[in-house]
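A.B. asks: Encoded as C-alpha cells, here's the structure I'll be asking about.
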Amino acid sequence: MSQSVMFMIDGVQVEGRAGQSILEAAGEAGVYIPRLCYKEGLSPHGSCRVCTVMVNGRPMSACTSPISLGMIVENDSPRVAQLRRDLIEMLFVAGNHFCMFCEKSGDCELQALAYRFGITAPKYPYMFPKREVDASHPDIFIDRNRCILCGRCVRASKELDGKNVFQFVGRSAEKRIAVNGEALADTDAAVTDAAADACPVGAILKKGVGYVVPVGKREYDDKPIGSDIEAKRPAAGS
Amino acid sequence: MAKPKIATTSLAGCFGCHMSLLDIDERILELVELVEFDKSPVDDIKNFTGRCAIGLVEGGCCNEHNVDVLREFRRHCDILISVGDCATMGGIPALRNTVPLRECLDEAFVNGPSVHNPDGKYPDDPEIPLILDKVYPAHEVVKIDYFLPGCPPTADTLWEALVALLNDKPVELPYQLVKYD
C-alpha cells in the first residue's frame with residue numbers, strides 16, 4: 001500500500017496515494033477533472049491542457065502533475081472553467097468538426113466536453129484548414145479534419161500494441177498525425193489494435209460500424225461526460 | 001397589447017430547421033397565440049412590416065444576398081438567433097471552405113461530369129447573387145444574441161427557447177436539448 005497523501009481540491013480534503021497524478025487521485029475521490037489527451041492505461045501526455053487546474057495558484061495540467069502533501073488545487077471555479085472552455089472552443093475552430101454527419105457524434109469526447117461546458121458556438125473565427133483523409137486501410141480510416149492532436153493513437157500504438165503505427169510530424173499549425181508508411185494500408189495497423197479505439201474524436205475510426213447506435217442511446221446523449229466519475233463522489237455529510 | 005412579431009429566414013441552409021419548427025406539432029396553435037409572424041417563409045411575407053422581437057436565422061452566408069438578408073434581419077430584430085449548425089458553424093455548405101473557390105466553380109460549371117457548358121463560362125447574370133470566397137457562420141457577419149445548434153435543433157429546443165424569450169425568462173436549456181447533430 002502506497003503512502004497516503006492528503007491534499008485539497010476546491011476546499012475539500014482528498015486522500016490520494018503517493019505517485020498519483022492530481023487527475024487520478026481526484027477521479028478516485030469522485031471529482032471529475034475534464035480531459036482529452038489523457039486516457040486511462042496510457043502514459044499522460046499533458047498536451048491538450050483541458051485538465052488545467054490551479055495548483056497553489058498556478059495553472060498546471062492535472063494529468064502530469066503528481067499530488068503532494070498539503071497541495072491546494074482549484075478545479076471547479078469560474079476562471080478555470082473559462083480557461084478550459086476557451087481551449088475547447090479553439091479546438092473546434094482549428095479543425096473541421098462537422099458533427100452533423102460524423103460517425104463519432106454522440107460518443108465524441110470533444111463534443112461531449114463542449115456540451116458539458118454549455119458551448120453553443122465558439123467565439124473565435126473558424127479556420128477551415130485543408131486536411132488529408134487516409135482511407136487506404138481496409139478496416140480503419142484516418143480523417144485528419146477531426147484530429148485534435150491529442151496523441152492517444154501514438155501512445156496506444158507504441159505502449160499497448162508495440163507497433164509505432166502513428167507519430168506526429170511537423171510543427172505548430174503544420175503539425176499532424178503521420179503513419180509509419182506511405183499510407184495506413186502499408187503499416188501493420190490492425191482493427192484489433194488498441195490504437196483503433198484510442199481516438200477521443202472521429203479522426204481514427206473503424207470502417208463498417210458507423211451509426212450502429214441510434215441517436216438517443218449514445219454515450220453522451222443524456223448524461224454529461226464525467227458523470228460516471230462524479231457518481232463515485234461520496235454524498236455530502238457522509 | 002399587440003403580439004410580438006417574429007421573423008424567420010433560411011440563408012445557406014436546407015430548410016430543415018424550419019421543418020423542425022413545424023415539428024412542434026399542435027404547439028404551433030399556442031405559438032400563434034403568442035406571436036405574429038412577420039417576414040418568413042411560414043406566411044410568405046417577403047418584406048419586413050415593422051420591428052420584430054425575435055429573428056430566427058437558419059443557414060450561414062454563402063453569397064452576397066445572404067449577407068444582405070442577414071443584415072436586414074439584424075436591423076429589424078431585437079433578438080437575433082442562429083438556428084442550426086449551418087448558421088452557427090457553416091454546416092454542410094461550409095464543406096467547400098477547404099477547397100479554393102475557383103476549383104468549386106470549375107467543378108460546378110465547367111468540369112463536372114454532368115455539366116453541359118460549351119463556352120465554359122460561369123453564369124454571370126446580374127440577377128445571380130455573387131458567391132462569397134467561403135461560407136461564413138452568421139455570427140461572423142452580424143452580432144448574434146443566441147445560438148441553437150443542431151442539425152436540426154429539435155422542435156423542443158426551438159419551442160423551449162422561444163417560450164423562454166417571449167416570457168422574458170433566461171434561455172436555459174436542459175443538457176438533452178443542446179446537441180450538434
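The way I read the labels, and the way they are meant: chains A, B, ... in the order of the C-alpha cells, residue 1 as the first residue of every chain, and ligand 1 as the first ligand shown, with later ones counted on from there.
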Residues of chain A that approach chain B to 12 Å or less, counting only C-alpha atoms: could you list each one with the shortest pair of atoms and its distance in Å to one decimal, rows by chain and increasing residue number, as a Markdown table?

C.D. replies:
```
| residue | atom | partner | partner_atom | distance |
| --- | --- | --- | --- | --- |
| A:Glu89 | CA | B:Met89 | CA | 11.8 |
| A:Phe92 | CA | B:Met89 | CA | 9.6 |
| A:Val93 | CA | B:Met89 | CA | 8.9 |
| A:Gly95 | CA | B:Thr98 | CA | 10.7 |
| A:Asn96 | CA | B:Leu95 | CA | 8.6 |
| A:His97 | CA | B:Met89 | CA | 9.0 |
| A:Phe98 | CA | B:Gly91 | CA | 6.8 |
| A:Cys99 | CA | B:Asp181 | CA | 5.7 |
| A:Met100 | CA | B:Asp181 | CA | 4.3 |
| A:Phe101 | CA | B:Asp181 | CA | 7.4 |
| A:Cys102 | CA | B:Asp181 | CA | 8.6 |
| A:Glu103 | CA | B:Asp181 | CA | 10.4 |
| A:Lys104 | CA | B:Asp181 | CA | 10.6 |
| A:Ser105 | CA | B:Asp181 | CA | 7.0 |
| A:Gly106 | CA | B:Asp181 | CA | 8.2 |
| A:Asp107 | CA | B:Asp181 | CA | 11.6 |
| A:Cys108 | CA | B:Tyr180 | CA | 11.1 |
| A:Leu110 | CA | B:Tyr180 | CA | 11.5 |
| A:Gln111 | CA | B:Tyr180 | CA | 7.9 |
| A:Ala112 | CA | B:Lys179 | CA | 9.2 |
| A:Leu113 | CA | B:Lys179 | CA | 11.6 |
| A:Ala114 | CA | B:Lys179 | CA | 9.5 |
| A:Tyr115 | CA | B:Val178 | CA | 7.0 |
| A:Arg116 | CA | B:Tyr175 | CA | 7.8 |
| A:Phe117 | CA | B:Tyr175 | CA | 10.0 |
| A:Gly118 | CA | B:Val178 | CA | 7.9 |
| A:Ile119 | CA | B:Val178 | CA | 8.8 |
| A:Thr120 | CA | B:Phe147 | CA | 5.7 |
| A:Ala121 | CA | B:Thr88 | CA | 6.0 |
| A:Pro122 | CA | B:Thr88 | CA | 8.6 |
| A:Lys123 | CA | B:His139 | CA | 8.8 |
| A:Tyr124 | CA | B:Glu140 | CA | 9.0 |
| A:Pro125 | CA | B:Glu140 | CA | 6.9 |
| A:Tyr126 | CA | B:Met89 | CA | 7.6 |
| A:Met127 | CA | B:Asn97 | CA | 9.1 |
| A:Phe128 | CA | B:Thr98 | CA | 5.9 |
| A:Pro129 | CA | B:Thr98 | CA | 6.1 |
| A:Lys130 | CA | B:Thr98 | CA | 5.1 |
| A:Arg131 | CA | B:Thr98 | CA | 8.1 |
| A:Glu132 | CA | B:Thr98 | CA | 10.6 |
| A:Asn145 | CA | B:Thr98 | CA | 10.0 |
| A:Val215 | CA | B:Asp181 | CA | 9.1 |
| A:Gly216 | CA | B:Gln176 | CA | 9.1 |
| A:Lys217 | CA | B:Gln176 | CA | 11.7 |
| A:Arg218 | CA | B:Gln176 | CA | 11.8 |
| A:Tyr220 | CA | B:Gln176 | CA | 9.2 |
| A:Asp221 | CA | B:Gln176 | CA | 6.6 |
| A:Asp222 | CA | B:Gln176 | CA | 5.7 |
| A:Lys223 | CA | B:Tyr175 | CA | 7.7 |
| A:Pro224 | CA | B:Tyr175 | CA | 7.5 |
| A:Ile225 | CA | B:Tyr175 | CA | 11.1 |
```

A.B. asks: Pull C-alpha atoms from the residues just selected and write them as a PDB file, in the first residue's frame.

C.D. replies:
```pdb
ATOM      1  CA  GLU A  89     -13.541  26.402 -28.474  1.00  0.00           C
ATOM      2  CA  PHE A  92     -13.416  23.423 -32.632  1.00  0.00           C
ATOM      3  CA  VAL A  93     -12.274  26.297 -34.851  1.00  0.00           C
ATOM      4  CA  GLY A  95     -10.175  21.727 -37.226  1.00  0.00           C
ATOM      5  CA  ASN A  96     -13.144  20.860 -39.409  1.00  0.00           C
ATOM      6  CA  HIS A  97     -15.661  19.423 -36.976  1.00  0.00           C
ATOM      7  CA  PHE A  98     -18.830  18.625 -38.896  1.00  0.00           C
ATOM      8  CA  CYS A  99     -20.750  16.936 -36.089  1.00  0.00           C
ATOM      9  CA  MET A 100     -23.918  16.589 -38.157  1.00  0.00           C
ATOM     10  CA  PHE A 101     -22.543  13.719 -40.237  1.00  0.00           C
ATOM     11  CA  CYS A 102     -19.690  12.428 -38.082  1.00  0.00           C
ATOM     12  CA  GLU A 103     -19.942   8.762 -37.060  1.00  0.00           C
ATOM     13  CA  LYS A 104     -18.459   9.641 -33.689  1.00  0.00           C
ATOM     14  CA  SER A 105     -21.157  12.185 -32.843  1.00  0.00           C
ATOM     15  CA  GLY A 106     -22.781  11.332 -29.527  1.00  0.00           C
ATOM     16  CA  ASP A 107     -19.723   9.325 -28.460  1.00  0.00           C
ATOM     17  CA  CYS A 108     -17.155  12.077 -29.123  1.00  0.00           C
ATOM     18  CA  LEU A 110     -14.565  16.781 -27.647  1.00  0.00           C
ATOM     19  CA  GLN A 111     -18.247  17.257 -28.453  1.00  0.00           C
ATOM     20  CA  ALA A 112     -19.237  15.947 -25.021  1.00  0.00           C
ATOM     21  CA  LEU A 113     -16.933  18.456 -23.343  1.00  0.00           C
ATOM     22  CA  ALA A 114     -18.484  21.269 -25.381  1.00  0.00           C
ATOM     23  CA  TYR A 115     -21.917  20.064 -24.242  1.00  0.00           C
ATOM     24  CA  ARG A 116     -20.763  19.889 -20.637  1.00  0.00           C
ATOM     25  CA  PHE A 117     -19.429  23.432 -20.810  1.00  0.00           C
ATOM     26  CA  GLY A 118     -22.621  24.649 -22.475  1.00  0.00           C
ATOM     27  CA  ILE A 119     -20.848  25.874 -25.613  1.00  0.00           C
ATOM     28  CA  THR A 120     -23.360  26.730 -28.331  1.00  0.00           C
ATOM     29  CA  ALA A 121     -20.913  28.457 -30.685  1.00  0.00           C
ATOM     30  CA  PRO A 122     -17.199  29.302 -30.401  1.00  0.00           C
ATOM     31  CA  LYS A 123     -16.223  32.953 -30.069  1.00  0.00           C
ATOM     32  CA  TYR A 124     -13.227  32.522 -32.381  1.00  0.00           C
ATOM     33  CA  PRO A 125     -13.451  32.598 -36.191  1.00  0.00           C
ATOM     34  CA  TYR A 126     -13.384  29.232 -37.938  1.00  0.00           C
ATOM     35  CA  MET A 127     -10.137  28.428 -39.711  1.00  0.00           C
ATOM     36  CA  PHE A 128     -11.378  25.670 -42.072  1.00  0.00           C
ATOM     37  CA  PRO A 129      -7.907  24.193 -42.640  1.00  0.00           C
ATOM     38  CA  LYS A 130      -7.172  21.817 -45.503  1.00  0.00           C
ATOM     39  CA  ARG A 131      -6.590  18.341 -44.033  1.00  0.00           C
ATOM     40  CA  GLU A 132      -5.994  14.922 -45.533  1.00  0.00           C
ATOM     41  CA  ASN A 145     -10.172  17.095 -40.371  1.00  0.00           C
ATOM     42  CA  VAL A 215     -29.446   8.725 -31.638  1.00  0.00           C
ATOM     43  CA  GLY A 216     -30.633   8.951 -28.051  1.00  0.00           C
ATOM     44  CA  LYS A 217     -28.743   5.812 -26.922  1.00  0.00           C
ATOM     45  CA  ARG A 218     -25.188   7.049 -27.456  1.00  0.00           C
ATOM     46  CA  TYR A 220     -23.237  11.339 -24.145  1.00  0.00           C
ATOM     47  CA  ASP A 221     -26.816  11.802 -25.400  1.00  0.00           C
ATOM     48  CA  ASP A 222     -28.332  12.007 -21.921  1.00  0.00           C
ATOM     49  CA  LYS A 223     -25.500  12.291 -19.406  1.00  0.00           C
ATOM     50  CA  PRO A 224     -22.640  14.802 -19.474  1.00  0.00           C
ATOM     51  CA  ILE A 225     -19.129  13.423 -19.829  1.00  0.00           C
TER      52      ILE A 225
END
```

A.B. asks: Tell me which protein, DNA and RNA residues are within 8 Å of range 55-57 of chain B, counting only C-alpha atoms, leaving out same-chain ones fewer than 2 positions away, and put them as a short mmCIF file (atom, residue, chain, number, x, y, z; two decimals) with N, CA, C and O atoms, in the first residue's frame.

C.D. replies:
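Ended up saving to selection_31.cif:
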```
data_model
loop_
_atom_site.label_atom_id
_atom_site.label_comp_id
_atom_site.auth_asym_id
_atom_site.auth_seq_id
_atom_site.Cartn_x
_atom_site.Cartn_y
_atom_site.Cartn_z
N ILE B 6 -42.35 37.92 -34.95
CA ILE B 6 -41.22 37.02 -35.13
C ILE B 6 -40.98 36.89 -36.63
O ILE B 6 -41.92 36.85 -37.41
N ALA B 7 -39.71 36.89 -37.02
CA ALA B 7 -39.36 36.74 -38.43
C ALA B 7 -38.41 35.56 -38.57
O ALA B 7 -37.64 35.27 -37.64
N THR B 8 -38.50 34.86 -39.67
CA THR B 8 -37.58 33.73 -39.88
C THR B 8 -37.07 33.77 -41.32
O THR B 8 -37.71 34.31 -42.21
N THR B 9 -35.89 33.19 -41.53
CA THR B 9 -35.37 33.09 -42.88
C THR B 9 -34.44 31.90 -42.99
O THR B 9 -33.89 31.43 -41.99
N SER B 10 -34.28 31.40 -44.21
CA SER B 10 -33.30 30.36 -44.47
C SER B 10 -32.28 30.92 -45.45
O SER B 10 -32.63 31.27 -46.57
N LEU B 11 -31.03 31.07 -45.01
CA LEU B 11 -29.96 31.57 -45.90
C LEU B 11 -29.32 30.36 -46.57
O LEU B 11 -30.00 29.64 -47.28
N CYS B 52 -39.39 43.62 -35.20
CA CYS B 52 -39.66 42.26 -34.73
C CYS B 52 -38.94 42.01 -33.42
O CYS B 52 -37.83 42.49 -33.20
N ALA B 53 -39.59 41.24 -32.54
CA ALA B 53 -38.97 40.91 -31.26
C ALA B 53 -37.86 39.88 -31.46
O ALA B 53 -36.79 39.98 -30.88
N GLY B 59 -29.08 28.84 -41.50
CA GLY B 59 -28.08 28.88 -42.57
C GLY B 59 -27.06 29.97 -42.37
O GLY B 59 -27.30 30.99 -41.73
N LEU B 70 -29.27 38.86 -43.97
CA LEU B 70 -28.87 38.75 -42.57
C LEU B 70 -28.75 40.12 -41.92
O LEU B 70 -29.21 40.34 -40.79
N PHE B 73 -32.13 41.46 -41.23
CA PHE B 73 -32.67 40.83 -40.01
C PHE B 73 -32.11 41.49 -38.76
O PHE B 73 -32.83 41.74 -37.82
N ARG B 74 -30.80 41.75 -38.79
CA ARG B 74 -30.18 42.38 -37.63
C ARG B 74 -30.80 43.76 -37.38
O ARG B 74 -31.06 44.15 -36.26
N CYS B 77 -34.64 43.17 -36.01
CA CYS B 77 -34.98 42.26 -34.90
C CYS B 77 -34.26 42.66 -33.62
O CYS B 77 -33.06 42.95 -33.64
N ASP B 78 -35.00 42.65 -32.51
CA ASP B 78 -34.38 42.95 -31.22
C ASP B 78 -33.42 41.82 -30.83
O ASP B 78 -32.32 42.06 -30.37
N ILE B 79 -33.90 40.60 -30.97
CA ILE B 79 -33.08 39.43 -30.64
C ILE B 79 -32.90 38.61 -31.90
O ILE B 79 -33.87 38.28 -32.58
N LEU B 80 -31.64 38.32 -32.21
CA LEU B 80 -31.38 37.52 -33.40
C LEU B 80 -30.77 36.18 -32.97
O LEU B 80 -29.82 36.15 -32.19
N ILE B 81 -31.36 35.10 -33.47
CA ILE B 81 -30.94 33.77 -33.05
C ILE B 81 -30.41 32.98 -34.24
O ILE B 81 -31.06 32.89 -35.28
N SER B 82 -29.21 32.43 -34.09
CA SER B 82 -28.68 31.48 -35.07
C SER B 82 -29.32 30.13 -34.79
O SER B 82 -29.15 29.58 -33.71
N VAL B 83 -30.02 29.62 -35.79
CA VAL B 83 -30.71 28.35 -35.61
C VAL B 83 -30.02 27.30 -36.48
O VAL B 83 -29.92 27.46 -37.69
N ALA B 87 -25.99 27.93 -39.50
CA ALA B 87 -25.89 29.31 -39.01
C ALA B 87 -24.76 29.43 -37.99
O ALA B 87 -24.06 30.44 -37.93
N ALA B 138 -23.26 32.85 -39.31
CA ALA B 138 -23.97 34.13 -39.17
C ALA B 138 -23.25 35.09 -38.23
O ALA B 138 -23.17 36.29 -38.49
#
```

A.B. asks: Range 188-219 of chain A: which residues are helix (DSSP H, G or I) by DSSP, as a list in words?

C.D. replies: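 Assigned to helix (DSSP H, G or I), within range 188-219 of chain A: Ala194, Ala195, Ala196 and Asp197 of chain A.
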
A.B. asks: Could you write those residues out with C-alpha atoms, as a tab-separated table (two decimals), in the first residue's frame?

C.D. replies:
```tsv
chain	number	residue	atom	x	y	z
A	194	ALA	CA	-5.79	-0.55	-29.01
A	195	ALA	CA	-4.87	2.42	-31.21
A	196	ALA	CA	-8.03	1.87	-33.27
A	197	ASP	CA	-10.08	2.52	-30.11
```

A.B. asks: Nearest to Glu28 in chain A: which of A:Glu15, A:Glu40, A:Asp134, A:Asp143 is it, counting only C-alpha atoms?

C.D. replies: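 Distance minimum relative to Glu28 in chain A lands on A:Glu15.
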
A.B. asks: Residues within 8 Å of range 172-183 of chain A, please, as a PDB file with N, CA, C and O atoms, in the first residue's frame. Count only C-alpha atoms; anything in the same chain fewer than 6 positions from it doesn't count.

C.D. replies:
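Output file selection.pdb is given in full below:
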```
ATOM      1  N   ASP A 134      -7.117   9.547 -44.951  1.00  0.00           N
ATOM      2  CA  ASP A 134      -6.446   8.315 -45.404  1.00  0.00           C
ATOM      3  C   ASP A 134      -7.420   7.161 -45.228  1.00  0.00           C
ATOM      4  O   ASP A 134      -7.658   6.698 -44.106  1.00  0.00           O
ATOM      5  N   SER A 136      -7.052   4.286 -46.978  1.00  0.00           N
ATOM      6  CA  SER A 136      -6.399   3.188 -47.693  1.00  0.00           C
ATOM      7  C   SER A 136      -6.560   1.835 -47.001  1.00  0.00           C
ATOM      8  O   SER A 136      -6.607   0.799 -47.648  1.00  0.00           O
ATOM      9  N   HIS A 137      -6.627   1.868 -45.682  1.00  0.00           N
ATOM     10  CA  HIS A 137      -6.684   0.610 -44.917  1.00  0.00           C
ATOM     11  C   HIS A 137      -8.075  -0.024 -45.054  1.00  0.00           C
ATOM     12  O   HIS A 137      -9.073   0.687 -45.077  1.00  0.00           O
ATOM     13  N   ARG A 144      -8.162  13.461 -40.819  1.00  0.00           N
ATOM     14  CA  ARG A 144      -7.413  14.468 -40.062  1.00  0.00           C
ATOM     15  C   ARG A 144      -8.194  15.772 -39.877  1.00  0.00           C
ATOM     16  O   ARG A 144      -7.796  16.616 -39.094  1.00  0.00           O
ATOM     17  N   LEU A 149      -4.923  16.294 -32.300  1.00  0.00           N
ATOM     18  CA  LEU A 149      -3.508  16.113 -31.948  1.00  0.00           C
ATOM     19  C   LEU A 149      -3.307  15.769 -30.472  1.00  0.00           C
ATOM     20  O   LEU A 149      -2.372  16.258 -29.834  1.00  0.00           O
ATOM     21  N   ASN A 164       4.106   1.281 -33.016  1.00  0.00           N
ATOM     22  CA  ASN A 164       4.546   2.568 -33.560  1.00  0.00           C
ATOM     23  C   ASN A 164       3.945   2.901 -34.924  1.00  0.00           C
ATOM     24  O   ASN A 164       4.659   3.339 -35.837  1.00  0.00           O
ATOM     25  N   VAL A 165       2.653   2.656 -35.072  1.00  0.00           N
ATOM     26  CA  VAL A 165       1.999   2.962 -36.358  1.00  0.00           C
ATOM     27  C   VAL A 165       1.868   4.465 -36.563  1.00  0.00           C
ATOM     28  O   VAL A 165       2.046   4.963 -37.669  1.00  0.00           O
ATOM     29  N   PHE A 166       1.559   5.199 -35.476  1.00  0.00           N
ATOM     30  CA  PHE A 166       1.289   6.636 -35.603  1.00  0.00           C
ATOM     31  C   PHE A 166       2.404   7.460 -34.981  1.00  0.00           C
ATOM     32  O   PHE A 166       3.023   7.057 -34.000  1.00  0.00           O
TER      33      PHE A 166
END
```

A.B. asks: Would you kindly return, as a ChimeraX atom specification, each protein, DNA or RNA residue with an atom no farther than 10 Å from any atom of Val50 in chain A, considering only C-alpha atoms and excluding same-chain residues fewer than 5 positions away?

C.D. replies: /A:33-38,61-63,80-81,83-88,113

A.B. asks: Quick one: of B:Ala155, B:Ile131, B:Val35, B:Leu165, who's nearest to Ala2 in chain B, counting only C-alpha atoms?

C.D. replies: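 Comparing B:Ala155, B:Ile131, B:Val35, B:Leu165 against Ala2 in chain B, the winner is B:Val35.
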
A.B. asks: Give me, as a list in words, the residues of range 64-98 of chain B that a backbone DSSP run labels strand (DSSP E or B).

C.D. replies: Cys77, Asp78, Ile79, Leu80, Ile81, Ser82 and Val83 of chain B

A.B. asks: Which residue is closest to Asp145 in chain B? Choose from B:Val171, B:Cys61, B:Leu130, B:Ala164 and count only C-alpha atoms.

C.D. replies: B:Val171

A.B. asks: Using only C-alpha atoms, which of the listed residues (B:Pro123, B:Gly50, B:Pro129, B:Pro113) sits closest to Val67 in chain B?

C.D. replies: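 Looking only at the distances to Val67 in chain B, the closest residue turns out to be B:Pro129.
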
A.B. asks: Tell me, in Å to one decimal, how far CA of Ile9 in chain A is from CA of Asn75 in chain A.

C.D. replies: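 CA of Asn75 in chain A lies at a distance of 6.7 Å from CA of Ile9 in chain A.
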
A.B. asks: May I ask for the distance between CA of Pro93 in chain B and CA of Thr157 in chain B, given in Å to one decimal place?

C.D. replies: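 Going from CA of Pro93 in chain B over to CA of Thr157 in chain B, I get 22.9 Å.
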
A.B. asks: Which of these residues is nearest to Gln13 in chain A, using only C-alpha atoms: A:Arg152, A:Asn56, A:Gly208, A:Leu69?

C.D. replies: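 Closest to Gln13 in chain A, using only C-alpha atoms: A:Leu69.
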
A.B. asks: What separation in Å, quoted to one decimal, exists between CA of His76 in chain B and CA of Glu26 in chain B?

C.D. replies: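 We find that CA of His76 in chain B and CA of Glu26 in chain B lie 28.4 Å from each other.
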
A.B. asks: What lies within 12 Å of Phe109 in chain B using only C-alpha atoms, ignoring chain neighbours under 4 positions off, as a ChimeraX atom specification?

C.D. replies: /B:102-105,113-124
